[in-house]
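Shown next: protein_25.cif, containing mmCIF, C-alpha atoms.
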```cif
data_entry
loop_
_atom_site.label_atom_id
_atom_site.label_comp_id
_atom_site.auth_asym_id
_atom_site.auth_seq_id
_atom_site.Cartn_x
_atom_site.Cartn_y
_atom_site.Cartn_z
CA MET O 2 -3.19 12.97 -18.58
CA THR O 3 -0.36 13.10 -21.11
CA VAL O 4 2.32 15.66 -20.41
CA SER O 5 3.54 17.57 -23.45
CA GLY O 6 7.25 17.11 -24.07
CA ALA O 7 7.61 14.30 -21.54
CA HIS O 8 9.92 11.36 -22.19
CA GLU O 9 7.95 8.42 -23.54
CA ASP O 10 9.52 6.00 -21.06
CA GLU O 11 8.71 8.13 -18.01
CA PRO O 12 5.20 7.86 -16.52
CA HIS O 13 3.63 11.28 -15.87
CA ASP O 14 0.06 10.21 -15.30
CA ALA O 15 -1.45 12.05 -12.32
CA ALA O 16 -2.53 8.76 -10.74
CA MET O 17 0.86 7.03 -11.18
CA GLY O 18 1.86 7.66 -7.55
CA SER O 19 -1.46 6.27 -6.38
CA ARG O 20 -1.03 3.14 -8.50
CA LEU O 21 2.48 2.58 -7.16
CA ASN O 22 1.16 2.90 -3.61
CA TRP O 23 -1.51 0.31 -4.41
CA LEU O 24 1.12 -2.03 -5.82
CA ARG O 25 3.35 -1.59 -2.77
CA ALA O 26 0.35 -2.25 -0.52
CA GLY O 27 -0.42 -5.40 -2.50
CA VAL O 28 3.14 -6.67 -2.16
CA LEU O 29 3.14 -5.93 1.57
CA GLY O 30 -0.25 -7.62 2.00
CA ALA O 31 0.95 -10.72 0.21
CA ASN O 32 4.15 -10.67 2.25
CA ASP O 33 2.10 -10.49 5.45
CA GLY O 34 -0.05 -13.40 4.31
CA ILE O 35 3.02 -15.49 3.50
CA VAL O 36 4.81 -14.85 6.78
CA SER O 37 1.86 -15.11 9.17
CA THR O 38 0.36 -18.24 7.63
CA ALA O 39 3.72 -19.91 7.15
CA GLY O 40 4.55 -19.27 10.79
CA LEU O 41 1.21 -20.69 11.84
CA VAL O 42 1.37 -23.92 9.83
CA VAL O 43 5.05 -24.51 10.58
CA GLY O 44 4.37 -23.97 14.28
CA VAL O 45 1.49 -26.45 14.20
CA ALA O 46 3.62 -28.91 12.23
CA GLY O 47 6.33 -28.49 14.87
CA ALA O 48 3.84 -29.76 17.42
CA SER O 49 3.72 -33.03 15.41
CA ALA O 50 0.12 -32.42 14.41
CA GLY O 51 -1.47 -34.30 11.53
CA ARG O 52 -2.39 -32.85 8.16
CA GLY O 53 -5.96 -32.24 9.24
CA ALA O 54 -4.92 -30.04 12.15
CA ILE O 55 -2.37 -28.21 10.03
CA PHE O 56 -4.91 -27.53 7.29
CA THR O 57 -7.56 -26.38 9.76
CA ALA O 58 -5.12 -24.02 11.49
CA GLY O 59 -3.81 -22.68 8.19
CA LEU O 60 -7.27 -22.11 6.74
CA ALA O 61 -8.43 -20.41 9.92
CA GLY O 62 -5.36 -18.18 9.89
CA LEU O 63 -5.88 -17.33 6.22
CA THR O 64 -9.54 -16.45 6.74
CA ALA O 65 -8.99 -14.45 9.92
CA GLY O 66 -6.04 -12.62 8.43
CA ALA O 67 -7.85 -11.70 5.23
CA VAL O 68 -10.88 -10.43 7.16
CA SER O 69 -8.69 -8.48 9.56
CA MET O 70 -6.66 -6.91 6.74
CA ALA O 71 -9.79 -5.96 4.81
CA LEU O 72 -11.50 -4.47 7.84
CA GLY O 73 -8.41 -2.56 8.91
CA GLU O 74 -7.86 -1.19 5.42
CA TYR O 75 -11.52 -0.22 5.07
CA ILE O 76 -11.52 1.69 8.35
CA SER O 77 -8.20 3.36 7.64
CA VAL O 78 -9.06 4.45 4.11
CA SER O 79 -12.57 5.54 5.14
CA SER O 80 -11.08 7.82 7.80
CA GLN O 81 -8.57 9.21 5.31
CA ARG O 82 -11.26 9.77 2.69
CA ASP O 83 -13.54 11.52 5.20
CA SER O 84 -10.69 13.81 6.18
CA GLU O 85 -9.86 14.57 2.55
CA ARG O 86 -13.50 15.33 1.74
CA SER O 87 -13.74 17.63 4.76
CA GLN O 88 -10.67 19.54 3.63
CA LEU O 89 -11.98 19.80 0.08
CA ASP O 90 -15.36 21.05 1.30
CA LEU O 91 -13.64 23.73 3.38
CA GLU O 92 -11.50 24.78 0.43
CA ALA O 93 -14.57 24.96 -1.81
CA ARG O 94 -16.33 27.23 0.68
CA GLU O 95 -13.32 29.51 0.90
CA LEU O 96 -13.14 29.73 -2.89
CA ARG O 97 -16.83 30.60 -3.04
CA ASP O 98 -16.74 33.18 -0.24
CA SER O 99 -13.30 34.75 -0.78
CA PRO O 100 -12.13 34.15 -4.35
CA GLU O 101 -9.69 37.08 -4.45
CA GLU O 102 -8.03 36.12 -1.17
CA GLU O 103 -7.72 32.55 -2.38
CA LEU O 104 -6.15 33.70 -5.64
CA GLU O 105 -3.60 35.75 -3.69
CA GLU O 106 -2.91 32.76 -1.49
CA LEU O 107 -2.36 30.49 -4.49
CA ALA O 108 0.00 32.99 -6.10
CA GLY O 109 1.89 33.31 -2.82
CA LEU O 110 2.31 29.54 -2.57
CA TYR O 111 3.81 29.36 -6.06
CA GLU O 112 6.03 32.32 -5.33
CA ALA O 113 7.26 30.50 -2.21
CA LYS O 114 8.23 27.60 -4.47
CA GLY O 115 10.63 29.86 -6.38
CA LEU O 116 8.57 31.53 -9.10
CA SER O 117 8.78 35.26 -9.59
CA ALA O 118 5.81 37.26 -8.30
CA GLU O 119 4.67 37.98 -11.85
CA THR O 120 4.95 34.37 -13.01
CA ALA O 121 3.33 33.05 -9.83
CA ARG O 122 0.38 35.38 -10.31
CA ARG O 123 -0.05 34.33 -13.93
CA VAL O 124 0.15 30.63 -13.04
CA ALA O 125 -2.39 31.11 -10.25
CA GLU O 126 -4.79 32.94 -12.56
CA GLU O 127 -4.55 30.32 -15.31
CA LEU O 128 -5.00 27.42 -12.90
CA THR O 129 -7.91 29.16 -11.20
CA ALA O 130 -9.57 29.74 -14.55
CA HIS O 131 -9.20 26.05 -15.38
CA ASP O 132 -10.16 24.42 -12.03
CA PRO O 133 -9.72 26.46 -8.86
CA LEU O 134 -10.52 23.64 -6.42
CA ALA O 135 -8.07 21.23 -8.06
CA ALA O 136 -5.38 23.92 -8.10
CA HIS O 137 -5.71 24.67 -4.40
CA ALA O 138 -6.15 21.01 -3.41
CA ASP O 139 -2.95 20.11 -5.22
CA ILE O 140 -0.59 22.69 -3.77
CA GLU O 141 -2.22 23.22 -0.36
CA LEU O 142 -3.48 19.77 0.54
CA GLY O 143 -1.64 17.37 -1.76
CA ILE O 144 -5.00 15.89 -2.78
CA ASP O 145 -6.39 15.06 -6.21
CA PRO O 146 -10.18 15.53 -5.93
CA ASP O 147 -10.72 13.08 -8.79
CA ALA O 148 -8.54 10.32 -7.35
CA LEU O 149 -9.78 9.74 -3.80
CA THR O 150 -9.18 6.16 -2.69
CA SER O 151 -12.21 3.89 -2.44
CA PRO O 152 -12.45 2.12 0.95
CA LEU O 153 -14.18 -0.88 -0.62
CA GLN O 154 -11.53 -1.23 -3.30
CA ALA O 155 -8.78 -0.90 -0.70
CA ALA O 156 -10.40 -3.54 1.50
CA ALA O 157 -10.87 -5.95 -1.40
CA ALA O 158 -7.32 -5.48 -2.66
CA SER O 159 -5.89 -6.02 0.81
CA ALA O 160 -7.93 -9.17 1.38
CA VAL O 161 -7.03 -10.61 -2.02
CA ALA O 162 -3.31 -9.87 -1.59
CA PHE O 163 -3.26 -11.46 1.86
CA THR O 164 -5.20 -14.51 0.67
CA LEU O 165 -2.88 -15.11 -2.29
CA GLY O 166 0.15 -14.81 -0.05
CA ALA O 167 -1.32 -17.05 2.64
CA ALA O 168 -2.37 -19.71 0.15
CA LEU O 169 1.25 -20.36 -0.82
CA PRO O 170 2.59 -21.81 2.46
CA LEU O 171 -0.71 -23.58 3.12
CA ALA O 172 -0.56 -25.33 -0.25
CA ALA O 173 3.15 -26.06 0.15
CA ILE O 174 2.81 -27.80 3.51
CA MET O 175 -0.27 -29.76 2.46
CA LEU O 176 1.21 -31.02 -0.82
CA ALA O 177 4.69 -31.90 0.43
CA PRO O 178 5.56 -35.40 1.62
CA GLU O 179 5.11 -35.64 5.39
CA ALA O 180 8.83 -36.10 6.04
CA TRP O 181 9.62 -32.92 4.10
CA GLN O 182 6.66 -30.77 5.08
CA VAL O 183 8.53 -28.20 7.13
CA LEU O 184 11.73 -27.99 5.09
CA SER O 185 9.96 -27.70 1.73
CA THR O 186 7.53 -25.13 3.09
CA VAL O 187 10.34 -23.03 4.55
CA ALA O 188 12.27 -23.18 1.28
CA ILE O 189 9.26 -22.15 -0.81
CA VAL O 190 8.34 -19.38 1.62
CA LEU O 191 11.85 -17.93 1.65
CA VAL O 192 11.94 -17.90 -2.16
CA ALA O 193 8.56 -16.15 -2.23
CA LEU O 194 9.72 -13.60 0.37
CA ALA O 195 12.86 -12.94 -1.65
CA LEU O 196 10.72 -12.26 -4.71
CA ALA O 197 8.44 -9.95 -2.70
CA GLY O 198 11.48 -8.10 -1.37
CA LEU O 199 12.87 -7.72 -4.88
CA ILE O 200 9.59 -6.31 -6.19
CA SER O 201 9.35 -3.89 -3.26
CA ALA O 202 12.90 -2.70 -3.92
CA ARG O 203 12.19 -2.15 -7.61
CA LEU O 204 9.08 -0.16 -6.81
CA GLY O 205 10.86 1.94 -4.22
CA HIS O 206 14.07 2.33 -6.26
CA SER O 207 16.11 0.97 -3.34
CA SER O 208 18.82 -1.65 -3.03
CA PRO O 209 17.42 -5.08 -4.05
CA ARG O 210 20.13 -6.90 -2.12
CA LEU O 211 19.33 -5.15 1.16
CA ALA O 212 15.56 -5.51 0.73
CA VAL O 213 15.80 -9.21 -0.09
CA ALA O 214 18.23 -9.93 2.75
CA ARG O 215 16.04 -8.07 5.24
CA VAL O 216 12.83 -9.89 4.39
CA VAL O 217 14.45 -13.33 4.02
CA VAL O 218 16.37 -13.11 7.30
CA GLY O 219 13.30 -11.79 9.11
CA GLY O 220 11.07 -14.48 7.63
CA ALA O 221 13.55 -17.25 8.44
CA ALA O 222 13.85 -16.02 12.02
CA GLY O 223 10.07 -15.90 12.40
CA LEU O 224 9.64 -19.41 11.06
CA ALA O 225 12.39 -20.75 13.31
CA VAL O 226 10.77 -19.21 16.37
CA THR O 227 7.28 -20.51 15.60
CA TYR O 228 8.59 -23.99 14.81
CA ALA O 229 10.54 -24.05 18.07
CA ILE O 230 7.48 -22.92 20.01
CA GLY O 231 5.38 -25.60 18.33
CA ARG O 232 7.91 -28.29 19.18
CA LEU O 233 8.27 -27.09 22.78
CA PHE O 234 4.61 -26.67 23.66
CA GLY O 235 3.41 -29.51 21.48
CA THR O 236 5.67 -31.89 23.35
CA ALA O 237 4.83 -30.39 26.75
CA VAL O 238 1.08 -30.49 26.20
CA GLY O 239 1.16 -33.86 24.54
#
```

Take the structure in this file and express it as structure tokens.
Amino acid sequence: MTVSGAHEDEPHDAAMGSRLNWLRAGVLGANDGIVSTAGLVVGVAGASAGRGAIFTAGLAGLTAGAVSMALGEYISVSSQRDSERSQLDLEARELRDSPEEELEELAGLYEAKGLSAETARRVAEELTAHDPLAAHADIELGIDPDALTSPLQAAAASAVAFTLGAALPLAAIMLAPEAWQVLSTVAIVLVALALAGLISARLGHSSPRLAVARVVVGGAAGLAVTYAIGRLFGTAVG
């Protein structure tokens, strides 16, 4: 929906917040795929395993992670969507059974936001005449009835984001010369994490420097720990 009088460079689409949340979720999913798979393959490489074992472990981690992310997202979004539908159904019944009381409630909510009683009443009447359920869902529930998240779309997006992120360290460690497998993979992963942190900061309008430092330091620490564990237990078991 285009907002009259809005600045051209400012997004006012009703679904903009939803799209930004999707983008953040995609960045986080990719970040999770990068870190978890990188830790796995670096840990296996630390155990002095051959390329075959590294690839098998990485591919298994990628597959399991993508399935787990998709399933978790599907369950989470399904529960959220069921809850939202239940609230919308209840609101629809109240509008059908007690329209006057609901109009008074809507006017009261706008008055509580700072509008005068007269203006709040007029706004409530105009919104009710246009779409009463949408009006109440917006101010009471914070829900857009026309923009409920699809569990299947959420699951697919999560799986794809994780897979793309996980594919990076797996490809890096498989394509690098054996002597440089770990170092080149760590370098590529840290650059990718820095980019993910930068994108997250831009989306959240936060400090890029802090976001990048946080994700890079955390990723480096995780890789160091998994490599050390691989070296320790690989040597002990071997």

Any chance you could work out the residue set of the PyMOL selection byres ((chain O and resi 161) around 10) here, as a ChimeraX atom specification? /O:27,30-31,34,67-68,70-71,155-160,162-167

Starting from the shown file, work through the PyMOL selection byres ((chain O and resi 144) around 12) and note down what comes out as a short mmCIF file (atom, residue, chain, number, x, y, z; two decimals) with C-alpha atoms, in the coordinates of the input.
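File written: out.cif
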```cif
data_model
loop_
_atom_site.label_atom_id
_atom_site.label_comp_id
_atom_site.auth_asym_id
_atom_site.auth_seq_id
_atom_site.Cartn_x
_atom_site.Cartn_y
_atom_site.Cartn_z
CA ALA O 15 -1.45 12.05 -12.32
CA ALA O 16 -2.53 8.76 -10.74
CA GLY O 18 1.86 7.66 -7.55
CA SER O 19 -1.46 6.27 -6.38
CA GLN O 81 -8.57 9.21 5.31
CA ARG O 82 -11.26 9.77 2.69
CA SER O 84 -10.69 13.81 6.18
CA GLU O 85 -9.86 14.57 2.55
CA ARG O 86 -13.50 15.33 1.74
CA SER O 87 -13.74 17.63 4.76
CA GLN O 88 -10.67 19.54 3.63
CA LEU O 89 -11.98 19.80 0.08
CA GLU O 92 -11.50 24.78 0.43
CA LEU O 134 -10.52 23.64 -6.42
CA ALA O 135 -8.07 21.23 -8.06
CA ALA O 136 -5.38 23.92 -8.10
CA HIS O 137 -5.71 24.67 -4.40
CA ALA O 138 -6.15 21.01 -3.41
CA ASP O 139 -2.95 20.11 -5.22
CA ILE O 140 -0.59 22.69 -3.77
CA GLU O 141 -2.22 23.22 -0.36
CA LEU O 142 -3.48 19.77 0.54
CA GLY O 143 -1.64 17.37 -1.76
CA ASP O 145 -6.39 15.06 -6.21
CA PRO O 146 -10.18 15.53 -5.93
CA ASP O 147 -10.72 13.08 -8.79
CA ALA O 148 -8.54 10.32 -7.35
CA LEU O 149 -9.78 9.74 -3.80
CA THR O 150 -9.18 6.16 -2.69
#
```

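Every protein, DNA or RNA residue with an atom at most 9 Å from Leu41 in chain O, where only C-alpha atoms count and chain neighbours fewer than 2 positions away do not, is listed here: Val36, Ser37, Thr38, Ala39, Val43, Gly44, Val45, Ala46, Ile55, Ala58, Gly59, Gly62, Leu224, Thr227 and Tyr228 of chain O.
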
Just write the chosen residues, C-alpha atoms, as a PDB file, in the coordinates of the input.
```
ATOM      1  CA  VAL O  36       4.810 -14.850   6.780  1.00  0.00           C
ATOM      2  CA  SER O  37       1.860 -15.110   9.170  1.00  0.00           C
ATOM      3  CA  THR O  38       0.360 -18.240   7.630  1.00  0.00           C
ATOM      4  CA  ALA O  39       3.720 -19.910   7.150  1.00  0.00           C
ATOM      5  CA  VAL O  43       5.050 -24.510  10.580  1.00  0.00           C
ATOM      6  CA  GLY O  44       4.370 -23.970  14.280  1.00  0.00           C
ATOM      7  CA  VAL O  45       1.490 -26.450  14.200  1.00  0.00           C
ATOM      8  CA  ALA O  46       3.620 -28.910  12.230  1.00  0.00           C
ATOM      9  CA  ILE O  55      -2.370 -28.210  10.030  1.00  0.00           C
ATOM     10  CA  ALA O  58      -5.120 -24.020  11.490  1.00  0.00           C
ATOM     11  CA  GLY O  59      -3.810 -22.680   8.190  1.00  0.00           C
ATOM     12  CA  GLY O  62      -5.360 -18.180   9.890  1.00  0.00           C
ATOM     13  CA  LEU O 224       9.640 -19.410  11.060  1.00  0.00           C
ATOM     14  CA  THR O 227       7.280 -20.510  15.600  1.00  0.00           C
ATOM     15  CA  TYR O 228       8.590 -23.990  14.810  1.00  0.00           C
TER      16      TYR O 228
END
```

With the PyMOL selection byres ((chain O and resi 231) around 6) as the selection, what would be picked from this file? Answer as a VMD selection string, please. chain O and resid 44 to 45 47 to 48 228 to 230 232 to 235

Between O:Leu107, O:Ile189, O:Ile35, O:Gly220, which residue has the minimum interatomic distance to Leu128 in chain O, considering all atoms listed in the file? O:Leu107

All residues 9 Å or closer to Leu60 in chain O, all atoms listed in the file, same chain fewer than 3 positions away omitted, as a PyMOL selection string: chain O and resi 38+55-57+63-65+167-168+171

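Counting from CA of Gly219 in chain O, the distance to CA of Ala172 in chain O is 21.5 Å.
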
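Take CA of Ala225 in chain O and CA of Val183 in chain O: the distance between them is 10.4 Å.
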
Test item: axis-aligned box, all listed atoms of range 117-129 of chain O, 4 Å on each side, centre and edges in Å rounded to one decimal, as JSON:
```
{"center_x": 0.4, "center_y": 32.7, "center_z": -11.8, "size_x": 24.7, "size_y": 18.6, "size_z": 15.0}
```

What lies within 7 Å of Thr186 in chain O using only C-alpha atoms, ignoring chain neighbours under 3 positions off, as a PyMOL selection string? chain O and resi 170+173-174+182-183+189-190

Export of the given selection (C-alpha atoms) as a PDB file, keeping the file's coordinate frame:
```pdb
ATOM      1  CA  PRO O 170       2.590 -21.810   2.460  1.00  0.00           C
ATOM      2  CA  ALA O 173       3.150 -26.060   0.150  1.00  0.00           C
ATOM      3  CA  ILE O 174       2.810 -27.800   3.510  1.00  0.00           C
ATOM      4  CA  GLN O 182       6.660 -30.770   5.080  1.00  0.00           C
ATOM      5  CA  VAL O 183       8.530 -28.200   7.130  1.00  0.00           C
ATOM      6  CA  ILE O 189       9.260 -22.150  -0.810  1.00  0.00           C
ATOM      7  CA  VAL O 190       8.340 -19.380   1.620  1.00  0.00           C
TER       8      VAL O 190
END
```
